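Peer 1: This one is target.cif, mmCIF, C-alpha atoms.
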```
data_run
#
loop_
_atom_site.label_atom_id
_atom_site.label_comp_id
_atom_site.auth_asym_id
_atom_site.auth_seq_id
_atom_site.Cartn_x
_atom_site.Cartn_y
_atom_site.Cartn_z
CA MET M 1 -4.25 -13.78 13.55
CA ASP M 2 -5.23 -10.60 11.74
CA LEU M 3 -7.66 -11.75 9.05
CA GLY M 4 -6.93 -8.74 6.86
CA ILE M 5 -10.54 -7.64 6.44
CA ARG M 6 -10.73 -4.64 8.75
CA GLY M 7 -12.74 -1.90 7.08
CA ARG M 8 -14.44 -4.27 4.66
CA ARG M 9 -18.23 -4.32 4.34
CA ALA M 10 -20.48 -7.34 4.73
CA ILE M 11 -24.10 -8.26 4.28
CA VAL M 12 -25.16 -11.00 6.69
CA CYS M 13 -28.63 -12.38 6.08
CA ALA M 14 -30.90 -13.66 8.86
CA SER M 15 -28.50 -12.35 11.48
CA SER M 16 -30.40 -11.18 14.55
CA ARG M 17 -29.77 -14.48 16.33
CA GLY M 18 -28.41 -17.98 15.92
CA LEU M 19 -25.80 -18.82 13.31
CA GLY M 20 -26.26 -15.60 11.35
CA ARG M 21 -25.73 -13.53 14.49
CA ALA M 22 -22.60 -15.54 15.28
CA CYS M 23 -21.21 -14.81 11.81
CA ALA M 24 -21.99 -11.10 12.12
CA GLU M 25 -20.36 -10.93 15.55
CA ALA M 26 -17.20 -12.66 14.32
CA LEU M 27 -16.89 -10.35 11.31
CA ALA M 28 -17.53 -7.24 13.39
CA ARG M 29 -14.85 -8.31 15.85
CA GLU M 30 -12.43 -8.29 12.90
CA GLY M 31 -13.38 -4.71 12.11
CA VAL M 32 -15.86 -5.44 9.31
CA HIS M 33 -18.80 -3.05 8.93
CA VAL M 34 -21.92 -5.19 8.82
CA THR M 35 -25.42 -4.87 7.40
CA LEU M 36 -27.80 -7.15 9.24
CA ASN M 37 -31.17 -8.60 8.32
CA ALA M 38 -34.03 -10.34 10.12
CA ARG M 39 -37.79 -10.61 9.91
CA GLU M 40 -38.44 -9.21 13.39
CA ALA M 41 -37.59 -5.50 13.59
CA ALA M 42 -37.24 -5.37 17.38
CA ALA M 43 -34.85 -8.31 17.57
CA LEU M 44 -32.90 -6.88 14.65
CA LYS M 45 -32.48 -3.50 16.36
CA ASP M 46 -31.30 -5.18 19.55
CA ALA M 47 -28.70 -7.17 17.63
CA ALA M 48 -27.50 -4.14 15.66
CA ASP M 49 -27.16 -2.02 18.80
CA ALA M 50 -25.30 -4.77 20.66
CA ILE M 51 -22.83 -5.44 17.84
CA ALA M 52 -22.13 -1.74 17.30
CA ALA M 53 -21.52 -1.19 21.01
CA ALA M 54 -19.30 -4.25 21.40
CA HIS M 55 -17.12 -3.83 18.34
CA GLY M 56 -17.20 -0.18 17.32
CA VAL M 57 -18.04 -0.83 13.67
CA GLU M 58 -20.75 0.65 11.50
CA VAL M 59 -23.87 -1.49 11.71
CA ARG M 60 -26.85 -1.08 9.42
CA SER M 61 -29.98 -3.19 9.36
CA VAL M 62 -32.84 -4.04 7.04
CA ALA M 63 -35.90 -5.78 8.40
CA GLY M 64 -37.78 -8.27 6.26
CA ASP M 65 -37.88 -11.76 4.85
CA ILE M 66 -34.79 -12.37 2.70
CA ALA M 67 -36.94 -14.45 0.36
CA ARG M 68 -38.76 -11.26 -0.67
CA GLU M 69 -37.30 -9.10 -3.43
CA GLU M 70 -37.92 -5.84 -1.57
CA THR M 71 -35.88 -7.07 1.38
CA ARG M 72 -32.97 -8.03 -0.84
CA GLN M 73 -33.16 -4.67 -2.59
CA GLY M 74 -33.14 -2.91 0.77
CA LEU M 75 -29.98 -4.75 1.79
CA LEU M 76 -28.25 -3.81 -1.44
CA GLU M 77 -29.27 -0.17 -1.00
CA ALA M 78 -27.90 -0.20 2.55
CA CYS M 79 -24.65 -1.84 1.41
CA PRO M 80 -24.28 -1.32 -2.33
CA GLU M 81 -20.70 -2.58 -2.63
CA PRO M 82 -20.27 -5.47 -0.20
CA ASP M 83 -16.95 -7.24 0.03
CA ILE M 84 -18.54 -10.12 1.92
CA LEU M 85 -21.91 -11.82 1.61
CA VAL M 86 -23.11 -14.37 4.14
CA ASN M 87 -26.26 -16.08 2.91
CA ASN M 88 -28.38 -17.51 5.68
CA ASN M 89 -32.03 -18.25 6.29
CA GLY M 90 -34.11 -20.44 8.54
CA GLY M 91 -34.74 -23.84 7.08
CA PRO M 92 -38.14 -25.42 6.50
CA PRO M 93 -39.41 -27.63 9.30
CA PRO M 94 -38.91 -31.39 9.21
CA GLY M 95 -41.81 -33.45 8.00
CA ARG M 96 -42.93 -36.32 5.80
CA PHE M 97 -42.42 -36.57 2.07
CA ALA M 98 -46.05 -37.59 1.62
CA ASP M 99 -47.21 -34.32 3.17
CA TRP M 100 -45.17 -31.92 1.01
CA ASP M 101 -47.14 -30.48 -1.87
CA ARG M 102 -45.93 -28.20 -4.65
CA ASP M 103 -46.29 -25.08 -2.50
CA ALA M 104 -44.11 -26.61 0.22
CA TRP M 105 -41.35 -27.35 -2.28
CA LEU M 106 -41.58 -23.91 -3.89
CA GLY M 107 -41.41 -22.26 -0.47
CA ALA M 108 -38.26 -24.19 0.40
CA LEU M 109 -36.66 -23.34 -2.93
CA ASP M 110 -37.50 -19.65 -2.56
CA ALA M 111 -36.07 -19.42 0.94
CA ASN M 112 -33.01 -21.64 0.72
CA MET M 113 -31.92 -21.68 -2.91
CA LEU M 114 -33.39 -18.88 -5.01
CA ALA M 115 -33.03 -16.07 -2.44
CA PRO M 116 -29.31 -16.69 -1.84
CA LEU M 117 -28.70 -17.07 -5.56
CA ALA M 118 -30.43 -13.73 -6.15
CA MET M 119 -28.12 -12.09 -3.60
CA ILE M 120 -25.08 -13.69 -5.21
CA ARG M 121 -26.18 -12.55 -8.66
CA ALA M 122 -26.54 -8.99 -7.40
CA VAL M 123 -23.06 -8.73 -5.84
CA LEU M 124 -20.84 -11.06 -7.85
CA ASP M 125 -19.92 -8.77 -10.74
CA GLY M 126 -19.01 -5.92 -8.40
CA MET M 127 -16.79 -8.18 -6.32
CA CYS M 128 -15.01 -9.34 -9.47
CA GLU M 129 -14.48 -5.77 -10.67
CA ARG M 130 -13.02 -4.73 -7.30
CA GLY M 131 -10.81 -7.82 -7.07
CA PHE M 132 -12.07 -9.07 -3.71
CA GLY M 133 -15.12 -11.04 -2.68
CA ARG M 134 -16.04 -13.62 -0.10
CA ILE M 135 -19.39 -15.41 -0.31
CA VAL M 136 -20.33 -17.90 2.38
CA ASN M 137 -23.58 -19.86 2.32
CA VAL M 138 -24.89 -21.33 5.55
CA THR M 139 -26.42 -24.61 4.42
CA SER M 140 -26.71 -27.84 6.43
CA ALA M 141 -25.01 -31.13 7.16
CA MET M 142 -28.03 -32.64 5.43
CA VAL M 143 -26.50 -31.61 2.08
CA LYS M 144 -23.99 -34.46 2.47
CA THR M 145 -25.95 -36.77 4.78
CA PRO M 146 -29.60 -36.35 3.79
CA LEU M 147 -32.38 -37.67 5.99
CA SER M 148 -35.91 -37.93 4.66
CA PRO M 149 -37.58 -35.74 7.35
CA MET M 150 -35.31 -32.87 6.23
CA GLY M 151 -36.03 -33.36 2.53
CA LEU M 152 -37.27 -29.82 1.89
CA SER M 153 -34.10 -28.35 3.37
CA THR M 154 -31.63 -30.71 1.78
CA GLY M 155 -33.28 -30.49 -1.64
CA ALA M 156 -33.09 -26.71 -1.81
CA ARG M 157 -29.66 -26.40 -0.23
CA THR M 158 -28.10 -29.08 -2.39
CA GLY M 159 -29.25 -27.13 -5.43
CA LEU M 160 -27.61 -23.98 -4.05
CA THR M 161 -24.42 -25.94 -3.38
CA SER M 162 -24.25 -27.23 -6.94
CA VAL M 163 -24.72 -23.82 -8.56
CA CYS M 164 -22.14 -22.21 -6.30
CA LYS M 165 -19.58 -24.90 -7.01
CA ALA M 166 -19.89 -24.13 -10.71
CA LEU M 167 -19.71 -20.36 -10.13
CA SER M 168 -16.66 -20.69 -7.90
CA ARG M 169 -14.58 -21.91 -10.83
CA ASP M 170 -15.59 -18.92 -12.95
CA VAL M 171 -14.56 -16.21 -10.48
CA ALA M 172 -11.62 -17.63 -8.52
CA HIS M 173 -9.14 -15.75 -10.71
CA ARG M 174 -10.69 -12.47 -9.55
CA ASN M 175 -10.03 -13.25 -5.86
CA VAL M 176 -13.71 -14.02 -5.30
CA THR M 177 -14.55 -17.19 -3.40
CA LEU M 178 -17.76 -19.10 -2.75
CA ASN M 179 -17.89 -21.61 0.09
CA ASN M 180 -20.50 -23.34 2.20
CA LEU M 181 -20.70 -23.97 5.94
CA LEU M 182 -22.54 -27.15 6.87
CA PRO M 183 -23.63 -27.06 10.51
CA GLU M 184 -24.87 -29.98 12.55
CA ARG M 185 -26.05 -29.77 16.14
CA ILE M 186 -24.95 -26.20 16.91
CA ASP M 187 -26.48 -24.98 20.18
CA THR M 188 -28.98 -22.44 18.88
CA ALA M 189 -32.70 -21.79 19.22
CA ARG M 190 -33.30 -24.03 16.19
CA GLN M 191 -31.69 -26.93 18.05
CA ARG M 192 -33.92 -26.15 21.00
CA GLY M 193 -36.90 -26.45 18.69
CA MET M 194 -35.62 -29.77 17.36
CA ALA M 195 -35.17 -31.03 20.93
CA GLU M 196 -38.70 -29.97 21.81
CA LEU M 197 -40.04 -31.79 18.76
CA ARG M 198 -38.09 -34.93 19.64
CA ALA M 199 -39.36 -34.74 23.23
CA LYS M 200 -42.94 -34.39 22.06
CA LEU M 201 -42.83 -37.18 19.49
CA GLY M 202 -40.69 -39.54 21.55
CA GLY M 203 -42.22 -39.06 24.95
CA VAL M 204 -38.94 -38.01 26.54
CA SER M 205 -37.84 -34.94 28.44
CA ILE M 206 -36.06 -31.99 26.84
CA GLU M 207 -32.93 -32.95 28.78
CA GLN M 208 -33.08 -36.48 27.40
CA ALA M 209 -33.57 -35.14 23.89
CA TYR M 210 -30.47 -32.98 24.30
CA ASP M 211 -28.51 -35.96 25.62
CA GLU M 212 -29.52 -37.92 22.51
CA MET M 213 -28.31 -35.06 20.33
CA LYS M 214 -24.96 -34.94 22.12
CA ALA M 215 -24.56 -38.69 21.85
CA SER M 216 -25.00 -38.45 18.07
CA ILE M 217 -21.96 -36.17 17.80
CA ALA M 218 -18.47 -37.65 17.84
CA ALA M 219 -17.22 -34.79 20.03
CA GLY M 220 -19.87 -35.64 22.62
CA ARG M 221 -21.28 -32.11 22.77
CA LEU M 222 -23.17 -29.55 20.75
CA GLY M 223 -21.21 -27.00 18.78
CA ARG M 224 -20.99 -23.43 20.02
CA PRO M 225 -22.29 -20.61 17.83
CA GLU M 226 -19.03 -18.69 18.25
CA GLU M 227 -17.11 -21.64 16.79
CA PHE M 228 -19.33 -21.46 13.76
CA GLY M 229 -18.92 -17.68 13.49
CA ASP M 230 -15.14 -17.92 13.67
CA ALA M 231 -15.11 -20.47 10.83
CA CYS M 232 -17.18 -18.07 8.74
CA ALA M 233 -14.83 -15.18 9.49
CA PHE M 234 -11.83 -17.21 8.39
CA LEU M 235 -13.47 -18.13 5.08
CA CYS M 236 -14.02 -14.39 4.59
CA SER M 237 -10.41 -13.53 5.37
CA ALA M 238 -7.64 -12.32 3.11
CA GLN M 239 -5.79 -15.57 3.88
CA ALA M 240 -8.63 -17.73 2.52
CA GLY M 241 -8.31 -16.60 -1.09
CA PHE M 242 -7.14 -20.07 -2.20
CA ILE M 243 -10.15 -21.83 -0.66
CA SER M 244 -13.22 -21.89 -2.88
CA GLY M 245 -16.02 -24.21 -3.90
CA GLN M 246 -15.74 -26.09 -0.62
CA ASN M 247 -18.17 -27.51 1.92
CA LEU M 248 -16.84 -27.10 5.45
CA GLN M 249 -18.65 -29.32 7.93
CA LEU M 250 -18.98 -28.14 11.50
CA ASP M 251 -20.21 -31.33 13.09
CA GLY M 252 -17.78 -32.29 15.85
CA GLY M 253 -16.12 -34.87 13.59
CA SER M 254 -19.32 -36.85 13.10
CA TYR M 255 -19.39 -37.25 9.31
CA ALA M 256 -18.24 -40.78 8.49
CA GLY M 257 -17.34 -40.25 4.83
CA LEU M 258 -14.10 -39.25 3.16
CA LEU M 259 -15.48 -36.61 0.77
#
```
Just give me the structure as structure tokens.
Peer 2:
Amino acid sequence: MDLGIRGRRAIVCASSRGLGRACAEALAREGVHVTLNAREAAALKDAADAIAAAHGVEVRSVAGDIAREETRQGLLEACPEPDILVNNNGGPPPGRFADWDRDAWLGALDANMLAPLAMIRAVLDGMCERGFGRIVNVTSAMVKTPLSPMGLSTGARTGLTSVCKALSRDVAHRNVTLNNLLPERIDTARQRGMAELRAKLGGVSIEQAYDEMKASIAAGRLGRPEEFGDACAFLCSAQAGFISGQNLQLDGGSYAGLL
């Protein structure tokens, strides 16, 4: 299927690896010119070079923490009129509610709610004026199935979800959509870190920790990053203009609820 976005321009945050990289790759494969972002300049350059070589699109990059205003400004200078915005950022580590002080909560809000909202605020009016916009937020399955060790992440990302649901109703008539991707157990470096933590705390091997992860998924396996990226690309497509304000779970069919 031709997604009808060839020649469009996208900003993809936190995209040198993992889920952000998968989204950037999928968009570039569809002919979208991408502006990438990551904290580590060397990894970012490697990703930009690889995507440009593989897909023949224009690739720009801005190094820095997306939670910092100067990084966001740099992205908007590199891509002043984006048609697509993919908000992504690493989540705060799991922990215990009793250990999270005010600074921990503010850090989570800055990284996973306020930074993406600032990016949306900067691009939304332009998308509406041009009559096309696709905004996708990478959040977490924890938004719908919260677990206490992931409280920092789910608190911030649920706030982002609520604001974007409200905004989606305001701009749908301008062919601008806002949707969320909710990953669970996608085979990335973050999952490797979670497996290592489980192995350390539970006294099991890394392989056993991975087996436990797979067993928790109805599909019996971890998700592949490219599956996630393809879902993102479709939500950014011309064909997805009637899909907005939604939470798409990529969890191998594991969520037990109806809504």
Peer 1: Using the chain letters and numbers from the file, give me the residues hit by the PyMOL selection byres ((chain M and resi 247) around 6), as a ChimeraX atom specification.
Peer 2: /M:180-181,246,248
Peer 1: What is the distance, in Å and to one decimal place, between CA of Thr71 (chain M) and CA of Val57 (chain M)?
Peer 2: 22.5 Å
Peer 1: I'd like the contact shell of region 221-227 of chain M - 9 Å cut-off, only C-alpha atoms, skipping same-chain residues fewer than 3 positions apart - returned as a PyMOL selection string.
Peer 2: chain M and resi 18-19+21-23+25-26+183-188+210-211+213-218+230-232+250-252
Peer 1: Find the residues of region 13-103 of chain M that sit at most 7 Å from region 116-138 of chain M; for each, write down the nearest two atoms and how far apart they are in Å, to one decimal. Count all atoms listed in the file. Sort by chain, then by number going up, and give it as a Markdown table.
Peer 2:
```
| residue | atom | partner | partner_atom | distance |
| --- | --- | --- | --- | --- |
| M:Arg72 | CA | M:Met119 | CA | 6.9 |
| M:Glu81 | CA | M:Gly126 | CA | 6.9 |
| M:Asp83 | CA | M:Gly133 | CA | 5.0 |
| M:Ile84 | CA | M:Arg134 | CA | 4.8 |
| M:Leu85 | CA | M:Ile135 | CA | 4.8 |
| M:Val86 | CA | M:Val136 | CA | 4.8 |
| M:Asn87 | CA | M:Asn137 | CA | 4.7 |
| M:Asn88 | CA | M:Val138 | CA | 5.2 |
```
Peer 1: What's the separation between CA of Arg6 (chain M) and CA of Ala238 (chain M), in Å to one decimal place?
Peer 2: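 Atom-to-atom, CA of Arg6 (chain M) and CA of Ala238 (chain M) are spaced 10.0 Å apart.
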Peer 1: Could you produce a table of the residues of region 98-122 of chain M lying within 7 Å of region 153-177 of chain M, with the nearest pair of atoms per residue and their separation in Å rounded to one decimal, using only C-alpha atoms, ordered by chain and increasing residue number, as CSV?
Peer 2:
```
residue,atom,partner,partner_atom,distance
M:Ala108,CA,M:Ala156,CA,6.2
M:Leu109,CA,M:Ala156,CA,5.0
M:Asn112,CA,M:Ala156,CA,5.7
M:Met113,CA,M:Leu160,CA,5.0
```
Peer 1: Could you turn the residues from that selection into a file that holds C-alpha atoms, as a short mmCIF file (atom, residue, chain, number, x, y, z; two decimals), keeping the file's coordinate frame?
Peer 2:
```
data_model
loop_
_atom_site.label_atom_id
_atom_site.label_comp_id
_atom_site.auth_asym_id
_atom_site.auth_seq_id
_atom_site.Cartn_x
_atom_site.Cartn_y
_atom_site.Cartn_z
CA ALA M 108 -38.26 -24.19 0.40
CA LEU M 109 -36.66 -23.34 -2.93
CA ASN M 112 -33.01 -21.64 0.72
CA MET M 113 -31.92 -21.68 -2.91
#
```
Peer 1: Taking all atoms listed in the file into account, which of M:Arg29, M:Gly20, M:Glu58, M:Glu212 comes nearest Gly4 (chain M)?
Peer 2: M:Arg29
Peer 1: Rank M:Leu258, M:Ala104, M:Leu178, M:Leu147 by their smallest atom-to-atom distance to Cys236 (chain M), using all atoms listed in the file, and report the top residue only.
Peer 2: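 Under the stated criterion, the closest residue is M:Leu178.
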Peer 1: Could you work out an axis-aligned bounding box for all listed atoms of region 66-79 of chain M, with 5 Å added on each of the six sides, and give its centre and edge lengths in Å to one decimal, as AutoDock Vina command-line options?
Peer 2:
```
--center_x -31.7 --center_y -7.3 --center_z -0.4 --size_x 24.1 --size_y 24.3 --size_z 16.1
```
Peer 1: My list of candidates is M:Leu3, M:Ala67, M:Ala54, M:Leu75. Which is closest to Leu36 (chain M) when distances are computed with all atoms listed in the file?
Peer 2: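 With all atoms listed in the file as the atom set, the closest residue is M:Leu75.
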Peer 1: Mind giving me the straight-line distance from CA of Leu201 (chain M) to CA of Met142 (chain M) in Å, one decimal?
Peer 2: 20.9 Å
Peer 1: Just the residues within 12 Å of Ala78 (chain M), please, counting all atoms listed in the file, with nothing from its chain fewer than 2 positions along; format it as an MDAnalysis selection string.
Peer 2: chainID M and resid 9:12 33:37 58:63 71:76 80:82
Peer 1: Give as a ChimeraX atom specification the residues that the PyMOL selection byres ((chain M and resi 7) around 6) matches when applied to the coordinates above.
Peer 2: /M:6,8,31-32
Peer 1: What lies within 12 Å of Arg96 (chain M) using only C-alpha atoms, ignoring chain neighbours under 6 positions off, as a list in words?
Peer 2: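 Returned residues: Ala104, Leu147, Ser148, Pro149, Met150, Gly151 and Leu152 of chain M.
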Peer 1: Compile the contact shell of Gln239 (chain M) as a list in words: residues with an atom at most 10 Å away, counting all atoms listed in the file, same-chain residues fewer than 2 positions apart removed.
Peer 2: Met1, Asp2, Leu3, Gly4, Ile5, Phe234, Leu235, Cys236, Ser237, Gly241, Phe242 and Ile243 of chain M
Peer 1: Which residues, protein or nucleic acid, reach to within 12 Å of (-36.5, -11.3, 18.6) in the file's coordinates when using all atoms listed in the file, and can you give that as an MDAnalysis selection string?
Peer 2: chainID M and resid 14:18 21 37:48 63 189
Peer 1: Please reconstruct the missing atoms of region 54-89 of chain M (target: N, CA and C atoms) and return them as a tab-separated table (two decimals), in the coordinates of the input.
Peer 2:
```tsv
chain	number	residue	atom	x	y	z
M	54	ALA	N	-20.37	-3.32	21.02
M	54	ALA	CA	-19.30	-4.25	21.40
M	54	ALA	C	-18.06	-4.10	20.54
M	55	HIS	N	-18.25	-3.74	19.26
M	55	HIS	CA	-17.12	-3.83	18.34
M	55	HIS	C	-16.75	-2.51	17.67
M	56	GLY	N	-17.55	-1.49	17.85
M	56	GLY	CA	-17.20	-0.18	17.32
M	56	GLY	C	-17.17	-0.08	15.81
M	57	VAL	N	-17.97	-0.90	15.13
M	57	VAL	CA	-18.04	-0.83	13.67
M	57	VAL	C	-19.38	-0.23	13.28
M	58	GLU	N	-19.47	0.15	12.01
M	58	GLU	CA	-20.75	0.65	11.50
M	58	GLU	C	-21.69	-0.52	11.28
M	59	VAL	N	-22.88	-0.42	11.83
M	59	VAL	CA	-23.87	-1.49	11.71
M	59	VAL	C	-25.15	-0.90	11.13
M	60	ARG	N	-25.58	-1.44	10.01
M	60	ARG	CA	-26.85	-1.08	9.42
M	60	ARG	C	-27.77	-2.29	9.47
M	61	SER	N	-29.05	-2.06	9.29
M	61	SER	CA	-29.98	-3.19	9.36
M	61	SER	C	-31.16	-2.96	8.44
M	62	VAL	N	-31.68	-4.05	7.92
M	62	VAL	CA	-32.84	-4.04	7.04
M	62	VAL	C	-33.77	-5.16	7.48
M	63	ALA	N	-34.94	-4.79	7.95
M	63	ALA	CA	-35.90	-5.78	8.40
M	63	ALA	C	-36.69	-6.34	7.23
M	64	GLY	N	-36.97	-7.64	7.29
M	64	GLY	CA	-37.78	-8.27	6.26
M	64	GLY	C	-37.32	-9.67	5.96
M	65	ASP	N	-38.15	-10.39	5.26
M	65	ASP	CA	-37.88	-11.76	4.85
M	65	ASP	C	-36.93	-11.74	3.65
M	66	ILE	N	-35.78	-12.39	3.78
M	66	ILE	CA	-34.79	-12.37	2.70
M	66	ILE	C	-35.31	-13.04	1.44
M	67	ALA	N	-36.36	-13.83	1.55
M	67	ALA	CA	-36.94	-14.45	0.36
M	67	ALA	C	-37.75	-13.47	-0.47
M	68	ARG	N	-37.98	-12.27	0.05
M	68	ARG	CA	-38.76	-11.26	-0.67
M	68	ARG	C	-37.82	-10.29	-1.39
M	69	GLU	N	-38.16	-9.95	-2.61
M	69	GLU	CA	-37.30	-9.10	-3.43
M	69	GLU	C	-37.06	-7.74	-2.79
M	70	GLU	N	-38.09	-7.17	-2.17
M	70	GLU	CA	-37.92	-5.84	-1.57
M	70	GLU	C	-36.93	-5.85	-0.41
M	71	THR	N	-36.86	-6.96	0.30
M	71	THR	CA	-35.88	-7.07	1.38
M	71	THR	C	-34.47	-7.14	0.81
M	72	ARG	N	-34.29	-7.93	-0.21
M	72	ARG	CA	-32.97	-8.03	-0.84
M	72	ARG	C	-32.55	-6.68	-1.41
M	73	GLN	N	-33.48	-5.99	-2.04
M	73	GLN	CA	-33.16	-4.67	-2.59
M	73	GLN	C	-32.78	-3.70	-1.48
M	74	GLY	N	-33.48	-3.77	-0.36
M	74	GLY	CA	-33.14	-2.91	0.77
M	74	GLY	C	-31.74	-3.17	1.29
M	75	LEU	N	-31.34	-4.42	1.34
M	75	LEU	CA	-29.98	-4.75	1.79
M	75	LEU	C	-28.94	-4.19	0.82
M	76	LEU	N	-29.21	-4.30	-0.45
M	76	LEU	CA	-28.25	-3.81	-1.44
M	76	LEU	C	-28.20	-2.28	-1.47
M	77	GLU	N	-29.29	-1.63	-1.13
M	77	GLU	CA	-29.27	-0.17	-1.00
M	77	GLU	C	-28.49	0.26	0.24
M	78	ALA	N	-28.63	-0.51	1.32
M	78	ALA	CA	-27.90	-0.20	2.55
M	78	ALA	C	-26.42	-0.48	2.42
M	79	CYS	N	-26.06	-1.47	1.61
M	79	CYS	CA	-24.65	-1.84	1.41
M	79	CYS	C	-24.45	-2.15	-0.06
M	80	PRO	N	-24.29	-1.12	-0.88
M	80	PRO	CA	-24.28	-1.32	-2.33
M	80	PRO	C	-23.03	-2.00	-2.88
M	81	GLU	N	-21.93	-1.97	-2.14
M	81	GLU	CA	-20.70	-2.58	-2.63
M	81	GLU	C	-20.11	-3.50	-1.55
M	82	PRO	N	-20.79	-4.58	-1.24
M	82	PRO	CA	-20.27	-5.47	-0.20
M	82	PRO	C	-19.03	-6.23	-0.67
M	83	ASP	N	-18.12	-6.38	0.27
M	83	ASP	CA	-16.95	-7.24	0.03
M	83	ASP	C	-17.24	-8.67	0.43
M	84	ILE	N	-18.21	-8.82	1.33
M	84	ILE	CA	-18.54	-10.12	1.92
M	84	ILE	C	-20.05	-10.28	1.90
M	85	LEU	N	-20.50	-11.47	1.53
M	85	LEU	CA	-21.91	-11.82	1.61
M	85	LEU	C	-22.04	-13.14	2.34
M	86	VAL	N	-22.80	-13.13	3.42
M	86	VAL	CA	-23.11	-14.37	4.14
M	86	VAL	C	-24.60	-14.65	3.93
M	87	ASN	N	-24.88	-15.68	3.16
M	87	ASN	CA	-26.26	-16.08	2.91
M	87	ASN	C	-26.72	-17.03	4.01
M	88	ASN	N	-27.84	-16.69	4.60
M	88	ASN	CA	-28.38	-17.51	5.68
M	88	ASN	C	-29.89	-17.32	5.70
M	89	ASN	N	-30.59	-18.35	6.12
M	89	ASN	CA	-32.03	-18.25	6.29
M	89	ASN	C	-32.49	-19.46	7.09
```
